[in-house]
Each structure stands twice: as structure tokens, then as C-alpha cells.
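Undergrad: Handing over start37.json, JSON, N, CA and C atoms.
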[["chain", "number", "residue", "atom", "x", "y", "z"],
["A", 1, "MET", "N", 42.63, 16.06, 25.56],
["A", 1, "MET", "CA", 42.86, 15.84, 26.97],
["A", 1, "MET", "C", 41.61, 15.24, 27.60],
["A", 2, "ASP", "N", 41.80, 14.28, 28.45],
["A", 2, "ASP", "CA", 40.73, 13.59, 29.15],
["A", 2, "ASP", "C", 40.13, 14.51, 30.21],
["A", 3, "GLN", "N", 38.82, 14.75, 30.15],
["A", 3, "GLN", "CA", 38.16, 15.62, 31.12],
["A", 3, "GLN", "C", 37.28, 14.81, 32.04],
["A", 4, "ALA", "N", 37.20, 15.26, 33.29],
["A", 4, "ALA", "CA", 36.33, 14.60, 34.26],
["A", 4, "ALA", "C", 34.88, 14.99, 33.99],
["A", 5, "ARG", "N", 34.01, 14.01, 34.16],
["A", 5, "ARG", "CA", 32.58, 14.24, 33.97],
["A", 5, "ARG", "C", 31.81, 13.48, 35.03],
["A", 6, "VAL", "N", 30.63, 14.02, 35.35],
["A", 6, "VAL", "CA", 29.70, 13.32, 36.23],
["A", 6, "VAL", "C", 28.36, 13.25, 35.52],
["A", 7, "GLU", "N", 27.80, 12.07, 35.46],
["A", 7, "GLU", "CA", 26.47, 11.87, 34.88],
["A", 7, "GLU", "C", 25.59, 11.34, 35.99],
["A", 8, "ARG", "N", 24.44, 11.96, 36.16],
["A", 8, "ARG", "CA", 23.52, 11.54, 37.21],
["A", 8, "ARG", "C", 22.31, 10.86, 36.61],
["A", 9, "GLU", "N", 22.01, 9.68, 37.10],
["A", 9, "GLU", "CA", 20.82, 8.92, 36.71],
["A", 9, "GLU", "C", 20.11, 8.54, 38.00],
["A", 10, "GLY", "N", 19.22, 9.38, 38.47],
["A", 10, "GLY", "CA", 18.56, 9.13, 39.75],
["A", 10, "GLY", "C", 19.57, 9.17, 40.88],
["A", 11, "GLN", "N", 19.72, 8.05, 41.57],
["A", 11, "GLN", "CA", 20.67, 7.97, 42.68],
["A", 11, "GLN", "C", 22.07, 7.56, 42.24],
["A", 12, "LEU", "N", 22.23, 7.26, 40.98],
["A", 12, "LEU", "CA", 23.51, 6.79, 40.46],
["A", 12, "LEU", "C", 24.32, 7.95, 39.88],
["A", 13, "LEU", "N", 25.56, 8.06, 40.33],
["A", 13, "LEU", "CA", 26.50, 9.02, 39.77],
["A", 13, "LEU", "C", 27.60, 8.24, 39.07],
["A", 14, "ARG", "N", 27.80, 8.52, 37.79],
["A", 14, "ARG", "CA", 28.89, 7.89, 37.04],
["A", 14, "ARG", "C", 29.98, 8.95, 36.85],
["A", 15, "LEU", "N", 31.13, 8.68, 37.45],
["A", 15, "LEU", "CA", 32.27, 9.59, 37.30],
["A", 15, "LEU", "C", 33.20, 9.01, 36.25],
["A", 16, "SER", "N", 33.63, 9.84, 35.33],
["A", 16, "SER", "CA", 34.55, 9.38, 34.29],
["A", 16, "SER", "C", 35.65, 10.41, 34.09],
["A", 17, "GLY", "N", 36.72, 9.94, 33.48],
["A", 17, "GLY", "CA", 37.90, 10.79, 33.31],
["A", 17, "GLY", "C", 38.72, 10.81, 34.58],
["A", 18, "PRO", "N", 39.68, 11.71, 34.67],
["A", 18, "PRO", "CA", 40.51, 11.77, 35.87],
["A", 18, "PRO", "C", 39.74, 12.37, 37.05],
["A", 19, "VAL", "N", 39.77, 11.67, 38.15],
["A", 19, "VAL", "CA", 39.16, 12.16, 39.39],
["A", 19, "VAL", "C", 40.33, 12.43, 40.32],
["A", 20, "ASN", "N", 40.82, 13.67, 40.24],
["A", 20, "ASN", "CA", 42.06, 14.01, 40.94],
["A", 20, "ASN", "C", 42.04, 15.46, 41.43],
["A", 21, "LEU", "N", 43.16, 15.92, 41.91],
["A", 21, "LEU", "CA", 43.27, 17.26, 42.48],
["A", 21, "LEU", "C", 42.78, 18.35, 41.52],
["A", 22, "THR", "N", 43.00, 18.18, 40.25],
["A", 22, "THR", "CA", 42.59, 19.16, 39.26],
["A", 22, "THR", "C", 41.08, 19.15, 39.02],
["A", 23, "SER", "N", 40.48, 17.97, 38.99],
["A", 23, "SER", "CA", 39.08, 17.86, 38.60],
["A", 23, "SER", "C", 38.08, 17.83, 39.76],
["A", 24, "VAL", "N", 38.50, 17.41, 40.93],
["A", 24, "VAL", "CA", 37.56, 17.25, 42.04],
["A", 24, "VAL", "C", 36.82, 18.54, 42.38],
["A", 25, "PRO", "N", 37.46, 19.71, 42.37],
["A", 25, "PRO", "CA", 36.67, 20.92, 42.69],
["A", 25, "PRO", "C", 35.46, 21.11, 41.77],
["A", 26, "GLY", "N", 35.57, 20.77, 40.51],
["A", 26, "GLY", "CA", 34.45, 20.90, 39.59],
["A", 26, "GLY", "C", 33.41, 19.79, 39.74],
["A", 27, "LEU", "N", 33.81, 18.65, 40.28],
["A", 27, "LEU", "CA", 32.90, 17.54, 40.48],
["A", 27, "LEU", "C", 32.16, 17.64, 41.81],
["A", 28, "HIS", "N", 32.73, 18.36, 42.75],
["A", 28, "HIS", "CA", 32.23, 18.37, 44.12],
["A", 28, "HIS", "C", 30.78, 18.82, 44.23],
["A", 29, "ALA", "N", 30.43, 19.97, 43.69],
["A", 29, "ALA", "CA", 29.07, 20.52, 43.87],
["A", 29, "ALA", "C", 27.98, 19.62, 43.30],
["A", 30, "PRO", "N", 28.09, 19.15, 42.05],
["A", 30, "PRO", "CA", 27.02, 18.29, 41.54],
["A", 30, "PRO", "C", 26.93, 16.95, 42.27],
["A", 31, "CYS", "N", 28.05, 16.42, 42.67],
["A", 31, "CYS", "CA", 28.04, 15.16, 43.40],
["A", 31, "CYS", "C", 27.46, 15.35, 44.80],
["A", 32, "LEU", "N", 27.84, 16.43, 45.45],
["A", 32, "LEU", "CA", 27.35, 16.69, 46.80],
["A", 32, "LEU", "C", 25.85, 16.93, 46.80],
["A", 33, "ALA", "N", 25.33, 17.59, 45.79],
["A", 33, "ALA", "CA", 23.89, 17.82, 45.69],
["A", 33, "ALA", "C", 23.14, 16.50, 45.61],
["A", 34, "ALA", "N", 23.67, 15.56, 44.87],
["A", 34, "ALA", "CA", 23.04, 14.24, 44.76],
["A", 34, "ALA", "C", 23.11, 13.50, 46.10],
["A", 35, "ALA", "N", 24.26, 13.54, 46.74],
["A", 35, "ALA", "CA", 24.42, 12.83, 48.01],
["A", 35, "ALA", "C", 23.56, 13.44, 49.11],
["A", 36, "ALA", "N", 23.43, 14.75, 49.11],
["A", 36, "ALA", "CA", 22.64, 15.43, 50.14],
["A", 36, "ALA", "C", 21.16, 15.12, 50.01],
["A", 37, "ALA", "N", 20.75, 14.60, 48.86],
["A", 37, "ALA", "CA", 19.35, 14.22, 48.66],
["A", 37, "ALA", "C", 19.05, 12.86, 49.27],
["A", 38, "GLY", "N", 20.06, 12.17, 49.74],
["A", 38, "GLY", "CA", 19.86, 10.86, 50.37],
["A", 38, "GLY", "C", 20.78, 9.83, 49.78],
["A", 39, "ALA", "N", 20.24, 8.64, 49.54],
["A", 39, "ALA", "CA", 21.05, 7.53, 49.05],
["A", 39, "ALA", "C", 21.74, 7.88, 47.74],
["A", 40, "VAL", "N", 22.98, 7.45, 47.62],
["A", 40, "VAL", "CA", 23.73, 7.70, 46.39],
["A", 40, "VAL", "C", 24.64, 6.50, 46.10],
["A", 41, "GLN", "N", 24.75, 6.20, 44.83],
["A", 41, "GLN", "CA", 25.66, 5.16, 44.35],
["A", 41, "GLN", "C", 26.64, 5.85, 43.41],
["A", 42, "VAL", "N", 27.91, 5.60, 43.61],
["A", 42, "VAL", "CA", 28.94, 6.22, 42.78],
["A", 42, "VAL", "C", 29.66, 5.12, 42.01],
["A", 43, "ASP", "N", 29.64, 5.22, 40.69],
["A", 43, "ASP", "CA", 30.29, 4.24, 39.82],
["A", 43, "ASP", "C", 31.55, 4.87, 39.25],
["A", 44, "LEU", "N", 32.67, 4.23, 39.51],
["A", 44, "LEU", "CA", 33.96, 4.74, 39.04],
["A", 44, "LEU", "C", 34.53, 3.92, 37.88],
["A", 45, "ALA", "N", 33.69, 3.14, 37.22],
["A", 45, "ALA", "CA", 34.18, 2.32, 36.11],
["A", 45, "ALA", "C", 34.86, 3.15, 35.03],
["A", 46, "GLY", "N", 34.40, 4.38, 34.84],
["A", 46, "GLY", "CA", 34.96, 5.24, 33.80],
["A", 46, "GLY", "C", 36.08, 6.15, 34.26],
["A", 47, "ALA", "N", 36.49, 6.02, 35.50],
["A", 47, "ALA", "CA", 37.57, 6.89, 36.01],
["A", 47, "ALA", "C", 38.90, 6.45, 35.41],
["A", 48, "SER", "N", 39.58, 7.39, 34.78],
["A", 48, "SER", "CA", 40.85, 7.05, 34.14],
["A", 48, "SER", "C", 42.03, 7.17, 35.09],
["A", 49, "ALA", "N", 41.88, 7.97, 36.13],
["A", 49, "ALA", "CA", 42.95, 8.15, 37.12],
["A", 49, "ALA", "C", 42.31, 8.66, 38.40],
["A", 50, "VAL", "N", 42.86, 8.25, 39.53],
["A", 50, "VAL", "CA", 42.38, 8.73, 40.83],
["A", 50, "VAL", "C", 43.58, 9.06, 41.71],
["A", 51, "ASP", "N", 43.35, 9.96, 42.66],
["A", 51, "ASP", "CA", 44.37, 10.25, 43.66],
["A", 51, "ASP", "C", 43.67, 10.46, 44.99],
["A", 52, "SER", "N", 44.37, 10.96, 45.98],
["A", 52, "SER", "CA", 43.79, 11.13, 47.31],
["A", 52, "SER", "C", 42.63, 12.13, 47.30],
["A", 53, "SER", "N", 42.58, 13.01, 46.32],
["A", 53, "SER", "CA", 41.45, 13.94, 46.21],
["A", 53, "SER", "C", 40.16, 13.19, 45.91],
["A", 54, "ALA", "N", 40.23, 12.13, 45.13],
["A", 54, "ALA", "CA", 39.07, 11.29, 44.84],
["A", 54, "ALA", "C", 38.58, 10.65, 46.13],
["A", 55, "LEU", "N", 39.50, 10.19, 46.93],
["A", 55, "LEU", "CA", 39.16, 9.58, 48.22],
["A", 55, "LEU", "C", 38.46, 10.59, 49.12],
["A", 56, "ALA", "N", 38.97, 11.81, 49.17],
["A", 56, "ALA", "CA", 38.35, 12.86, 49.98],
["A", 56, "ALA", "C", 36.94, 13.17, 49.48],
["A", 57, "LEU", "N", 36.76, 13.23, 48.17],
["A", 57, "LEU", "CA", 35.44, 13.48, 47.59],
["A", 57, "LEU", "C", 34.46, 12.39, 48.00],
["A", 58, "LEU", "N", 34.88, 11.15, 47.88],
["A", 58, "LEU", "CA", 34.00, 10.03, 48.21],
["A", 58, "LEU", "C", 33.64, 10.00, 49.69],
["A", 59, "LEU", "N", 34.59, 10.31, 50.54],
["A", 59, "LEU", "CA", 34.29, 10.38, 51.98],
["A", 59, "LEU", "C", 33.27, 11.48, 52.26],
["A", 60, "ASP", "N", 33.41, 12.61, 51.59],
["A", 60, "ASP", "CA", 32.47, 13.72, 51.76],
["A", 60, "ASP", "C", 31.08, 13.32, 51.28],
["A", 61, "LEU", "N", 31.01, 12.62, 50.17],
["A", 61, "LEU", "CA", 29.72, 12.18, 49.65],
["A", 61, "LEU", "C", 29.07, 11.16, 50.58],
["A", 62, "ARG", "N", 29.87, 10.28, 51.12],
["A", 62, "ARG", "CA", 29.32, 9.30, 52.07],
["A", 62, "ARG", "C", 28.74, 10.01, 53.29],
["A", 63, "ARG", "N", 29.49, 10.95, 53.84],
["A", 63, "ARG", "CA", 29.00, 11.70, 55.01],
["A", 63, "ARG", "C", 27.70, 12.43, 54.68],
["A", 64, "ALA", "N", 27.63, 13.06, 53.52],
["A", 64, "ALA", "CA", 26.44, 13.82, 53.13],
["A", 64, "ALA", "C", 25.23, 12.90, 52.96],
["A", 65, "ALA", "N", 25.43, 11.76, 52.32],
["A", 65, "ALA", "CA", 24.32, 10.82, 52.13],
["A", 65, "ALA", "C", 23.82, 10.30, 53.47],
["A", 66, "GLU", "N", 24.73, 9.93, 54.35],
["A", 66, "GLU", "CA", 24.34, 9.41, 55.65],
["A", 66, "GLU", "C", 23.68, 10.49, 56.51],
["A", 67, "ALA", "N", 24.16, 11.73, 56.41],
["A", 67, "ALA", "CA", 23.55, 12.83, 57.16],
["A", 67, "ALA", "C", 22.11, 13.08, 56.69],
["A", 68, "ALA", "N", 21.84, 12.77, 55.44],
["A", 68, "ALA", "CA", 20.49, 12.95, 54.88],
["A", 68, "ALA", "C", 19.62, 11.71, 55.13],
["A", 69, "GLY", "N", 20.16, 10.74, 55.87],
["A", 69, "GLY", "CA", 19.40, 9.54, 56.18],
["A", 69, "GLY", "C", 19.48, 8.46, 55.12],
["A", 70, "GLY", "N", 20.37, 8.65, 54.17],
["A", 70, "GLY", "CA", 20.51, 7.68, 53.08],
["A", 70, "GLY", "C", 21.75, 6.82, 53.24],
["A", 71, "GLN", "N", 22.04, 6.07, 52.22],
["A", 71, "GLN", "CA", 23.21, 5.21, 52.20],
["A", 71, "GLN", "C", 24.11, 5.57, 51.03],
["A", 72, "PHE", "N", 25.36, 5.19, 51.16],
["A", 72, "PHE", "CA", 26.37, 5.42, 50.13],
["A", 72, "PHE", "C", 26.84, 4.06, 49.64],
["A", 73, "GLU", "N", 26.98, 3.93, 48.33],
["A", 73, "GLU", "CA", 27.53, 2.70, 47.77],
["A", 73, "GLU", "C", 28.53, 3.07, 46.68],
["A", 74, "LEU", "N", 29.68, 2.45, 46.74],
["A", 74, "LEU", "CA", 30.72, 2.67, 45.73],
["A", 74, "LEU", "C", 30.78, 1.45, 44.82],
["A", 75, "ARG", "N", 30.77, 1.69, 43.52],
["A", 75, "ARG", "CA", 30.87, 0.62, 42.53],
["A", 75, "ARG", "C", 32.14, 0.78, 41.71],
["A", 76, "ASN", "N", 32.74, -0.32, 41.40],
["A", 76, "ASN", "CA", 33.91, -0.38, 40.50],
["A", 76, "ASN", "C", 35.06, 0.53, 40.92],
["A", 77, "PRO", "N", 35.49, 0.46, 42.19],
["A", 77, "PRO", "CA", 36.63, 1.29, 42.57],
["A", 77, "PRO", "C", 37.91, 0.79, 41.88],
["A", 78, "PRO", "N", 38.66, 1.69, 41.29],
["A", 78, "PRO", "CA", 39.93, 1.28, 40.66],
["A", 78, "PRO", "C", 40.91, 0.75, 41.72],
["A", 79, "ALA", "N", 41.80, -0.08, 41.29],
["A", 79, "ALA", "CA", 42.80, -0.66, 42.20],
["A", 79, "ALA", "C", 43.59, 0.43, 42.93],
["A", 80, "ALA", "N", 43.91, 1.51, 42.23],
["A", 80, "ALA", "CA", 44.68, 2.60, 42.85],
["A", 80, "ALA", "C", 43.89, 3.23, 44.00],
["A", 81, "LEU", "N", 42.59, 3.34, 43.85],
["A", 81, "LEU", "CA", 41.77, 3.91, 44.92],
["A", 81, "LEU", "C", 41.72, 2.96, 46.11],
["A", 82, "ARG", "N", 41.61, 1.70, 45.84],
["A", 82, "ARG", "CA", 41.61, 0.69, 46.91],
["A", 82, "ARG", "C", 42.93, 0.76, 47.68],
["A", 83, "THR", "N", 44.02, 0.88, 46.98],
["A", 83, "THR", "CA", 45.33, 0.98, 47.63],
["A", 83, "THR", "C", 45.42, 2.22, 48.50],
["A", 84, "LEU", "N", 44.97, 3.36, 47.96],
["A", 84, "LEU", "CA", 44.98, 4.60, 48.75],
["A", 84, "LEU", "C", 44.09, 4.49, 49.98],
["A", 85, "ALA", "N", 42.92, 3.90, 49.82],
["A", 85, "ALA", "CA", 41.99, 3.77, 50.94],
["A", 85, "ALA", "C", 42.61, 2.93, 52.06],
["A", 86, "GLU", "N", 43.26, 1.87, 51.70],
["A", 86, "GLU", "CA", 43.92, 1.03, 52.71],
["A", 86, "GLU", "C", 45.07, 1.80, 53.37],
["A", 87, "LEU", "N", 45.84, 2.51, 52.57],
["A", 87, "LEU", "CA", 46.96, 3.29, 53.09],
["A", 87, "LEU", "C", 46.50, 4.33, 54.11],
["A", 88, "TYR", "N", 45.36, 4.99, 53.83],
["A", 88, "TYR", "CA", 44.84, 6.03, 54.71],
["A", 88, "TYR", "C", 43.91, 5.49, 55.80],
["A", 89, "GLY", "N", 43.73, 4.18, 55.86],
["A", 89, "GLY", "CA", 42.91, 3.59, 56.90],
["A", 89, "GLY", "C", 41.41, 3.73, 56.71],
["A", 90, "VAL", "N", 40.99, 3.90, 55.46],
["A", 90, "VAL", "CA", 39.56, 4.04, 55.17],
["A", 90, "VAL", "C", 39.11, 2.98, 54.15],
["A", 91, "GLY", "N", 39.65, 1.79, 54.30],
["A", 91, "GLY", "CA", 39.29, 0.69, 53.41],
["A", 91, "GLY", "C", 37.81, 0.39, 53.43],
["A", 92, "PHE", "N", 37.15, 0.72, 54.53],
["A", 92, "PHE", "CA", 35.70, 0.51, 54.62],
["A", 92, "PHE", "C", 34.96, 1.21, 53.49],
["A", 93, "LEU", "N", 35.50, 2.32, 53.02],
["A", 93, "LEU", "CA", 34.84, 3.10, 51.97],
["A", 93, "LEU", "C", 34.71, 2.31, 50.67],
["A", 94, "VAL", "N", 35.77, 1.67, 50.25],
["A", 94, "VAL", "CA", 35.74, 0.93, 48.99],
["A", 94, "VAL", "C", 35.10, -0.44, 49.15],
["A", 95, "ASP", "N", 34.97, -0.90, 50.39],
["A", 95, "ASP", "CA", 34.33, -2.19, 50.64],
["A", 95, "ASP", "C", 32.85, -2.05, 50.99],
["A", 96, "ASN", "N", 32.34, -0.81, 51.01],
["A", 96, "ASN", "CA", 30.94, -0.54, 51.33],
["A", 96, "ASN", "C", 30.52, -1.15, 52.67],
["A", 97, "ARG", "N", 31.34, -0.87, 53.68],
["A", 97, "ARG", "CA", 31.01, -1.36, 55.02],
["A", 97, "ARG", "C", 31.14, -0.23, 56.02],
["A", 98, "ALA", "N", 30.67, -0.45, 57.22],
["A", 98, "ALA", "CA", 30.76, 0.54, 58.27],
["A", 98, "ALA", "C", 32.22, 0.72, 58.69],
["A", 99, "PRO", "N", 32.61, 1.91, 59.14],
["A", 99, "PRO", "CA", 34.00, 2.16, 59.51],
["A", 99, "PRO", "C", 34.56, 1.20, 60.55],
["A", 100, "ASP", "N", 33.74, 0.73, 61.46],
["A", 100, "ASP", "CA", 34.26, -0.13, 62.52],
["A", 100, "ASP", "C", 33.97, -1.61, 62.29],
["A", 101, "ALA", "N", 33.51, -1.96, 61.09],
["A", 101, "ALA", "CA", 33.18, -3.36, 60.81],
["A", 101, "ALA", "C", 34.41, -4.15, 60.42]]
Show me the file's structure as C-alpha cells.

TA:
Amino acid sequence: MDQARVEREGQLLRLSGPVNLTSVPGLHAPCLAAAAAGAVQVDLAGASAVDSSALALLLDLRRAAEAAGGQFELRNPPAALRTLAELYGVGFLVDNRAPDA
């Protein structure tokens, strides 16, 4: 069975495996710790599946990074995540732009 993993390399977080309702609770704490330290880049190239829980996690990480005075950058968002982001009106997240831009 494919398991979700997070690998941290400085400011870069590589998420792999399914990033969904089942796995996000286990990914949340290590990802949030990195984001709360400031700037964070999240690479989803290794994500095998995403759902709205992944979107919620990423929004939380963005808020935490910005609250710490840093920036958030998303790399390699899967097409399914892009579709969900547009559906929920948060396309700015996957495009790495300000909410009102």
C-alpha cells in the first residue's frame, strides 16, 4: 500500500504518496513545523493522489509561513489539485500568487 511521506530539506518539503483525508493528519505536524519557521516550498511531484484535505493542508501551511514572515511556494501541483483549487475559489494557491491578484 502506498504511504504518505514528507521529506524535509531545509525549506523544501517533498510530499509523496497519497495526500488525502487518511494521510493529512499524519503529515500536518511536521509540515506545519517547517512552515511556522518561515519560508517553505512544498513539492508535490511525488503525490500519488490528492483530495480537498490536501488543499486544506496547503492553505494552512501558507498561512503559517506568512504569519512567520515568510513565503509559501507550491511546486508541481497535480492536475487534480489545480481543479479542486479552482472549484473552491483558491486558485491563487496553486499559481503562487496573492489571493486578490

Undergrad: So for range 87-92 of chain A, what box centre and size do we get, axis-aligned, 3 Å extra on each of the six sides, every listed atom, Å to one decimal, as lines of an AutoDock Vina configuration file?

TA:
center_x = 41.0
center_y = 3.2
center_z = 54.7
size_x = 18.0
size_y = 11.6
size_z = 10.3

Undergrad: Taking only range 1-88 of chain A into account, list the residues labelled strand (DSSP E or B) by DSSP (computed from the backbone), as an mmCIF file with N, CA and C atoms, in the frame of the given file.

TA:
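states.cif, freshly written:
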data_model
loop_
_atom_site.group_PDB
_atom_site.id
_atom_site.type_symbol
_atom_site.label_atom_id
_atom_site.label_comp_id
_atom_site.auth_asym_id
_atom_site.auth_seq_id
_atom_site.Cartn_x
_atom_site.Cartn_y
_atom_site.Cartn_z
ATOM 1 N N ARG A 5 34.010 14.010 34.160
ATOM 2 C CA ARG A 5 32.580 14.240 33.970
ATOM 3 C C ARG A 5 31.810 13.480 35.030
ATOM 4 N N VAL A 6 30.630 14.020 35.350
ATOM 5 C CA VAL A 6 29.700 13.320 36.230
ATOM 6 C C VAL A 6 28.360 13.250 35.520
ATOM 7 N N GLU A 7 27.800 12.070 35.460
ATOM 8 C CA GLU A 7 26.470 11.870 34.880
ATOM 9 C C GLU A 7 25.590 11.340 35.990
ATOM 10 N N ARG A 8 24.440 11.960 36.160
ATOM 11 C CA ARG A 8 23.520 11.540 37.210
ATOM 12 C C ARG A 8 22.310 10.860 36.610
ATOM 13 N N GLU A 9 22.010 9.680 37.100
ATOM 14 C CA GLU A 9 20.820 8.920 36.710
ATOM 15 C C GLU A 9 20.110 8.540 38.000
ATOM 16 N N LEU A 12 22.230 7.260 40.980
ATOM 17 C CA LEU A 12 23.510 6.790 40.460
ATOM 18 C C LEU A 12 24.320 7.950 39.880
ATOM 19 N N LEU A 13 25.560 8.060 40.330
ATOM 20 C CA LEU A 13 26.500 9.020 39.770
ATOM 21 C C LEU A 13 27.600 8.240 39.070
ATOM 22 N N ARG A 14 27.800 8.520 37.790
ATOM 23 C CA ARG A 14 28.890 7.890 37.040
ATOM 24 C C ARG A 14 29.980 8.950 36.850
ATOM 25 N N LEU A 15 31.130 8.680 37.450
ATOM 26 C CA LEU A 15 32.270 9.590 37.300
ATOM 27 C C LEU A 15 33.200 9.010 36.250
ATOM 28 N N SER A 16 33.630 9.840 35.330
ATOM 29 C CA SER A 16 34.550 9.380 34.290
ATOM 30 C C SER A 16 35.650 10.410 34.090
ATOM 31 N N GLY A 17 36.720 9.940 33.480
ATOM 32 C CA GLY A 17 37.900 10.790 33.310
ATOM 33 C C GLY A 17 38.720 10.810 34.580
ATOM 34 N N PRO A 18 39.680 11.710 34.670
ATOM 35 C CA PRO A 18 40.510 11.770 35.870
ATOM 36 C C PRO A 18 39.740 12.370 37.050
ATOM 37 N N VAL A 19 39.770 11.670 38.150
ATOM 38 C CA VAL A 19 39.160 12.160 39.390
ATOM 39 C C VAL A 19 40.330 12.430 40.320
ATOM 40 N N VAL A 40 22.980 7.450 47.620
ATOM 41 C CA VAL A 40 23.730 7.700 46.390
ATOM 42 C C VAL A 40 24.640 6.500 46.100
ATOM 43 N N GLN A 41 24.750 6.200 44.830
ATOM 44 C CA GLN A 41 25.660 5.160 44.350
ATOM 45 C C GLN A 41 26.640 5.850 43.410
ATOM 46 N N VAL A 42 27.910 5.600 43.610
ATOM 47 C CA VAL A 42 28.940 6.220 42.780
ATOM 48 C C VAL A 42 29.660 5.120 42.010
ATOM 49 N N ASP A 43 29.640 5.220 40.690
ATOM 50 C CA ASP A 43 30.290 4.240 39.820
ATOM 51 C C ASP A 43 31.550 4.870 39.250
ATOM 52 N N LEU A 44 32.670 4.230 39.510
ATOM 53 C CA LEU A 44 33.960 4.740 39.040
ATOM 54 C C LEU A 44 34.530 3.920 37.880
ATOM 55 N N ALA A 45 33.690 3.140 37.220
ATOM 56 C CA ALA A 45 34.180 2.320 36.110
ATOM 57 C C ALA A 45 34.860 3.150 35.030
ATOM 58 N N GLY A 46 34.400 4.380 34.840
ATOM 59 C CA GLY A 46 34.960 5.240 33.800
ATOM 60 C C GLY A 46 36.080 6.150 34.260
ATOM 61 N N ALA A 47 36.490 6.020 35.500
ATOM 62 C CA ALA A 47 37.570 6.890 36.010
ATOM 63 C C ALA A 47 38.900 6.450 35.410
ATOM 64 N N SER A 48 39.580 7.390 34.780
ATOM 65 C CA SER A 48 40.850 7.050 34.140
ATOM 66 C C SER A 48 42.030 7.170 35.090
ATOM 67 N N ALA A 49 41.880 7.970 36.130
ATOM 68 C CA ALA A 49 42.950 8.150 37.120
ATOM 69 C C ALA A 49 42.310 8.660 38.400
ATOM 70 N N VAL A 50 42.860 8.250 39.530
ATOM 71 C CA VAL A 50 42.380 8.730 40.830
ATOM 72 C C VAL A 50 43.580 9.060 41.710
ATOM 73 N N PHE A 72 25.360 5.190 51.160
ATOM 74 C CA PHE A 72 26.370 5.420 50.130
ATOM 75 C C PHE A 72 26.840 4.060 49.640
ATOM 76 N N GLU A 73 26.980 3.930 48.330
ATOM 77 C CA GLU A 73 27.530 2.700 47.770
ATOM 78 C C GLU A 73 28.530 3.070 46.680
ATOM 79 N N LEU A 74 29.680 2.450 46.740
ATOM 80 C CA LEU A 74 30.720 2.670 45.730
ATOM 81 C C LEU A 74 30.780 1.450 44.820
ATOM 82 N N ARG A 75 30.770 1.690 43.520
ATOM 83 C CA ARG A 75 30.870 0.620 42.530
ATOM 84 C C ARG A 75 32.140 0.780 41.710
#

Undergrad: Step one, run DSSP on the backbone; step two, keep only residues of range 10-101 of chain A assigned to helix (DSSP H, G or I); then write them as a count of residues only.

TA: 43

Undergrad: Here is a test: counting only C-alpha atoms, which residue of A:Ala34, A:Leu15, A:Ala98, A:Ala67 is nearest to Ala49 in chain A?

TA: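 Using only C-alpha atoms, Ala49 in chain A sits closest to A:Leu15.
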
Undergrad: Go through A:Val50, A:Leu58, A:Cys31, A:Ala64 one by one, measure the shortest atom-to-atom distance of each to Ala80 in chain A using all atoms listed in the file, and give the residue with the smallest value.

TA: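 Among the listed residues, A:Val50 lies closest to Ala80 in chain A.
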
Undergrad: Using only C-alpha atoms, determine which residues lie at most 9 Å from Gln41 in chain A, disregarding the query and same-chain residues fewer than 6 positions distant; provide the list as a VMD selection string.

TA: chain A and resid 11 to 14 35 71 to 75

Undergrad: Of the candidates A:Ala47, A:Ala37, A:Ala68, A:Leu57, which one gets nearest to Gln3 in chain A if we count only C-alpha atoms?

TA: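 Closest residue, counting only C-alpha atoms: A:Ala47.
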
Undergrad: Between A:Leu32, A:Pro77, A:Leu84, A:Val19, which has the minimum distance to Ala54 in chain A (counting only N, CA and C atoms)?

TA: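 Once distances to Ala54 in chain A are computed over only N, CA and C atoms, the minimum belongs to A:Val19.
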
Undergrad: Which of these residues is nearest to Ala36 in chain A, using only C-alpha atoms: A:Gly70, A:Ser48, A:Leu59, A:Gly17?

TA: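 Nearest to Ala36 in chain A: A:Gly70.
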
Undergrad: Using all atoms listed in the file, which residue out of A:Glu86, A:Val42, A:Glu66, A:Val6 lies closest to Leu27 in chain A?

TA: A:Val6

Undergrad: Would you mind reading off the distance between atom C of Glu7 in chain A and CA of Ala56 in chain A, one decimal, in Å?

TA: 19.0 Å

Undergrad: Record the distance separating atom N of Gly89 in chain A and atom N of Leu61 in chain A, expressed in Å with one decimal.

TA: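 It comes out at 16.3 Å.
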
Undergrad: Could you jot down the CA of Leu21 in chain A to atom C of Leu87 in chain A separation for me, Å, one decimal place?

TA: 17.7 Å
